[in-house]
Amino acid sequence: MDNLFYNIETIKTDLKRMLKEHRYNHSLLVADEAKKLATIYHIDEDKCYLTGLIHDMAKNLSEEENNNLIKKYNLSEEWYREENKPILHAELGYYLAKEKYNCSEDICRAIKYHTIGNDEMTTMEKIIFIADKTARENLNDNLLYIKELSYQDLDLALLKLLEGLENKLSKSNTKLAPITKQLMLRLQRKEK
């Protein structure tokens with residue numbers, strides 16, 4: 001445990017250097033919320049805490065740093081496109097967590113899918129996805145409802161979160177990413 005604590009403290013020091021203050025504070029809140037959800041759903045609390053802590057580690061990179069990492073990791077040229085910029089940090093975070101902290105695949109996948117999800121999300125991936133949206137101060141009523149719901153039914157909370165997101169995006173004539181839409185449809189079928 002001492003070793004893990006030391007590693008977590010080292011990681012926090014790294015993150016303070018890498019992230020803007022509000023992003024670092026958000027990461028602390030997500031880590032705490034992820035640990036709380038991990039306790040409820042009986043999965044590894046330390047792993048969920050660590051994942052929540054580093055989920056946004058690539059969020060404040062410069063465009064030049066992003067481009068260098070896209071090249072370094074030999075990623076698709078799609079990642080240079082403007083519409084992919086909001087989710088690029090999740091893709092890069094997958095590789096950085098592996099390289100910088102030698103994180104296991106399940107942690108890296110939870111980082112990769114915390115913005116758009118995937119059709120076969122693990123419990124940890126769902127926890128990080130939801131914690132990222134609900135571990136905030138001054139939540140609106142909808143997110144507060146989803147946060148409370150997540151303590152009872154993770155899948156239903158995820159479904160309500162995605163439906164709310166689709167509704168919000170449709171008002172600005174934007175659609176969910178295909179992988180996210182597929183996840184939402186699967187969850188809707190499950191709830192019927």
# chains A, B, ... in the order shown; residues from 1 in each chain; ligands from 1

call {"tool": "residues_around", "arguments": {"residues": "Arg23 in chain A", "least_positions_apart": "3", "cutoff": "9 Å", "atoms": "only C-alpha atoms", "output": "list in words"}}
result
Leu19, Lys20, His26, Ser27, Leu28, Asp56, Lys59 and Asn60 of chain A

call {"tool": "write_last_selection", "arguments": {"atoms": "C-alpha atoms", "output": "JSON list (two decimals), in the first residue's frame"}}
result
[["chain", "number", "residue", "atom", "x", "y", "z"],
["A", 19, "LEU", "CA", -2.65, 20.13, -16.30],
["A", 20, "LYS", "CA", -4.27, 23.49, -15.73],
["A", 26, "HIS", "CA", -11.51, 17.93, -11.85],
["A", 27, "SER", "CA", -9.22, 14.88, -12.01],
["A", 28, "LEU", "CA", -9.15, 14.66, -8.20],
["A", 56, "ASP", "CA", -7.44, 13.60, -18.61],
["A", 59, "LYS", "CA", -6.08, 17.19, -22.01],
["A", 60, "ASN", "CA", -3.84, 20.26, -21.82]]

call {"tool": "residues_around", "arguments": {"residues": "range 95-112 of chain A", "least_positions_apart": "6", "cutoff": "7 Å", "atoms": "only C-alpha atoms", "output": "PDB file with N, CA and C atoms, in the first residue's frame"}}
result
ATOM      1  N   THR A  51      -7.271   5.472 -12.356  1.00  0.00           N
ATOM      2  CA  THR A  51      -7.807   5.749 -13.692  1.00  0.00           C
ATOM      3  C   THR A  51      -8.512   7.100 -13.720  1.00  0.00           C
ATOM      4  N   HIS A  55      -7.269  10.156 -16.120  1.00  0.00           N
ATOM      5  CA  HIS A  55      -8.087  10.047 -17.339  1.00  0.00           C
ATOM      6  C   HIS A  55      -7.910  11.224 -18.296  1.00  0.00           C
ATOM      7  N   MET A 124     -15.514  -0.911 -15.116  1.00  0.00           N
ATOM      8  CA  MET A 124     -14.593   0.196 -14.856  1.00  0.00           C
ATOM      9  C   MET A 124     -14.721   1.281 -15.927  1.00  0.00           C
ATOM     10  N   GLU A 125     -14.874   0.903 -17.177  1.00  0.00           N
ATOM     11  CA  GLU A 125     -15.031   1.891 -18.248  1.00  0.00           C
ATOM     12  C   GLU A 125     -16.307   2.713 -18.025  1.00  0.00           C
ATOM     13  N   ILE A 128     -15.694   5.220 -15.084  1.00  0.00           N
ATOM     14  CA  ILE A 128     -14.885   6.393 -15.447  1.00  0.00           C
ATOM     15  C   ILE A 128     -15.684   7.331 -16.344  1.00  0.00           C
TER      16      ILE A 128
END

call {"tool": "closest_residue", "arguments": {"among": "A:Ala177, A:Ala157, A:Glu77, A:Leu165", "to": "Glu191 in chain A", "atoms": "only C-alpha atoms"}}
result
A:Ala157

call {"tool": "closest_residue", "arguments": {"among": "A:Lys126, A:Lys192, A:His22, A:His114", "to": "Ala90 in chain A", "atoms": "only C-alpha atoms"}}
result
A:His114

call {"tool": "select_by_dssp", "arguments": {"residues": "range 26-165 of chain A", "states": "helix (DSSP H, G or I)", "output": "count of residues only"}}
result
101

call {"tool": "residues_around", "arguments": {"residues": "Glu83 in chain A", "least_positions_apart": "3", "cutoff": "12 Å", "atoms": "only C-alpha atoms", "output": "PyMOL selection string"}}
result
chain A and resi 78-80+86-88+174-175+177

call {"tool": "closest_residue", "arguments": {"among": "A:Glu82, A:Glu163, A:Asp32, A:Asp155", "to": "Asp46 in chain A", "atoms": "only C-alpha atoms"}}
result
A:Asp32

call {"tool": "residues_around", "arguments": {"residues": "range 34-40 of chain A", "least_positions_apart": "4", "cutoff": "6 Å", "atoms": "only C-alpha atoms", "output": "PDB file with N, CA and C atoms, in the first residue's frame"}}
result
ATOM      1  N   VAL A  30     -12.930  13.306 -10.038  1.00  0.00           N
ATOM      2  CA  VAL A  30     -13.262  12.090 -10.797  1.00  0.00           C
ATOM      3  C   VAL A  30     -12.657  10.866 -10.105  1.00  0.00           C
ATOM      4  N   GLU A  45     -10.901  -0.659  -6.170  1.00  0.00           N
ATOM      5  CA  GLU A  45     -11.027   0.768  -5.861  1.00  0.00           C
ATOM      6  C   GLU A  45      -9.758   1.542  -6.221  1.00  0.00           C
ATOM      7  N   CYS A  48      -9.565   2.055  -9.972  1.00  0.00           N
ATOM      8  CA  CYS A  48     -10.529   3.069 -10.417  1.00  0.00           C
ATOM      9  C   CYS A  48     -10.082   4.463 -10.001  1.00  0.00           C
ATOM     10  N   TYR A  49      -9.529   4.589  -8.802  1.00  0.00           N
ATOM     11  CA  TYR A  49      -9.029   5.881  -8.350  1.00  0.00           C
ATOM     12  C   TYR A  49      -7.912   6.367  -9.282  1.00  0.00           C
ATOM     13  N   ILE A 127     -17.764   3.274 -15.136  1.00  0.00           N
ATOM     14  CA  ILE A 127     -17.536   4.105 -13.946  1.00  0.00           C
ATOM     15  C   ILE A 127     -16.759   5.366 -14.309  1.00  0.00           C
ATOM     16  N   ALA A 131     -18.267   9.000 -13.977  1.00  0.00           N
ATOM     17  CA  ALA A 131     -17.599   9.870 -12.996  1.00  0.00           C
ATOM     18  C   ALA A 131     -17.078  11.141 -13.660  1.00  0.00           C
TER      19      ALA A 131
END

call {"tool": "decode", "arguments": {"residues": "range 36-47 of chain A", "atoms": "N, CA, C and O atoms", "output": "compact mmCIF listing (two decimals), in the first residue's frame"}}
result
# COMPACT_ATOMS: atom_id res chain seq x y z
N LYS A 36 -15.57 5.70 -5.23
CA LYS A 36 -16.87 5.50 -4.57
C LYS A 36 -17.72 4.50 -5.37
O LYS A 36 -18.30 3.57 -4.79
N LEU A 37 -17.77 4.68 -6.68
CA LEU A 37 -18.54 3.77 -7.52
C LEU A 37 -17.92 2.37 -7.53
O LEU A 37 -18.64 1.36 -7.55
N ALA A 38 -16.61 2.29 -7.51
CA ALA A 38 -15.93 0.99 -7.47
C ALA A 38 -16.32 0.21 -6.22
O ALA A 38 -16.52 -1.01 -6.27
N THR A 39 -16.45 0.92 -5.10
CA THR A 39 -16.87 0.28 -3.85
C THR A 39 -18.27 -0.30 -3.99
O THR A 39 -18.53 -1.44 -3.60
N ILE A 40 -19.16 0.47 -4.58
CA ILE A 40 -20.55 0.03 -4.76
C ILE A 40 -20.62 -1.20 -5.68
O ILE A 40 -21.37 -2.14 -5.41
N TYR A 41 -19.82 -1.19 -6.75
CA TYR A 41 -19.91 -2.26 -7.75
C TYR A 41 -18.84 -3.34 -7.58
O TYR A 41 -18.65 -4.18 -8.46
N HIS A 42 -18.16 -3.31 -6.44
CA HIS A 42 -17.23 -4.38 -6.03
C HIS A 42 -16.12 -4.65 -7.04
O HIS A 42 -15.89 -5.79 -7.42
N ILE A 43 -15.50 -3.58 -7.50
CA ILE A 43 -14.31 -3.75 -8.34
C ILE A 43 -13.16 -2.99 -7.68
O ILE A 43 -13.35 -2.28 -6.70
N ASP A 44 -11.98 -3.14 -8.21
CA ASP A 44 -10.76 -2.62 -7.59
C ASP A 44 -10.80 -1.10 -7.42
O ASP A 44 -10.72 -0.34 -8.40
N GLU A 45 -10.90 -0.66 -6.17
CA GLU A 45 -11.03 0.77 -5.86
C GLU A 45 -9.76 1.54 -6.22
O GLU A 45 -9.83 2.67 -6.73
N ASP A 46 -8.60 0.95 -5.94
CA ASP A 46 -7.33 1.64 -6.23
C ASP A 46 -7.15 1.85 -7.73
O ASP A 46 -6.68 2.90 -8.16
N LYS A 47 -7.52 0.84 -8.50
CA LYS A 47 -7.42 0.95 -9.96
C LYS A 47 -8.35 2.04 -10.49
O LYS A 47 -7.97 2.82 -11.35
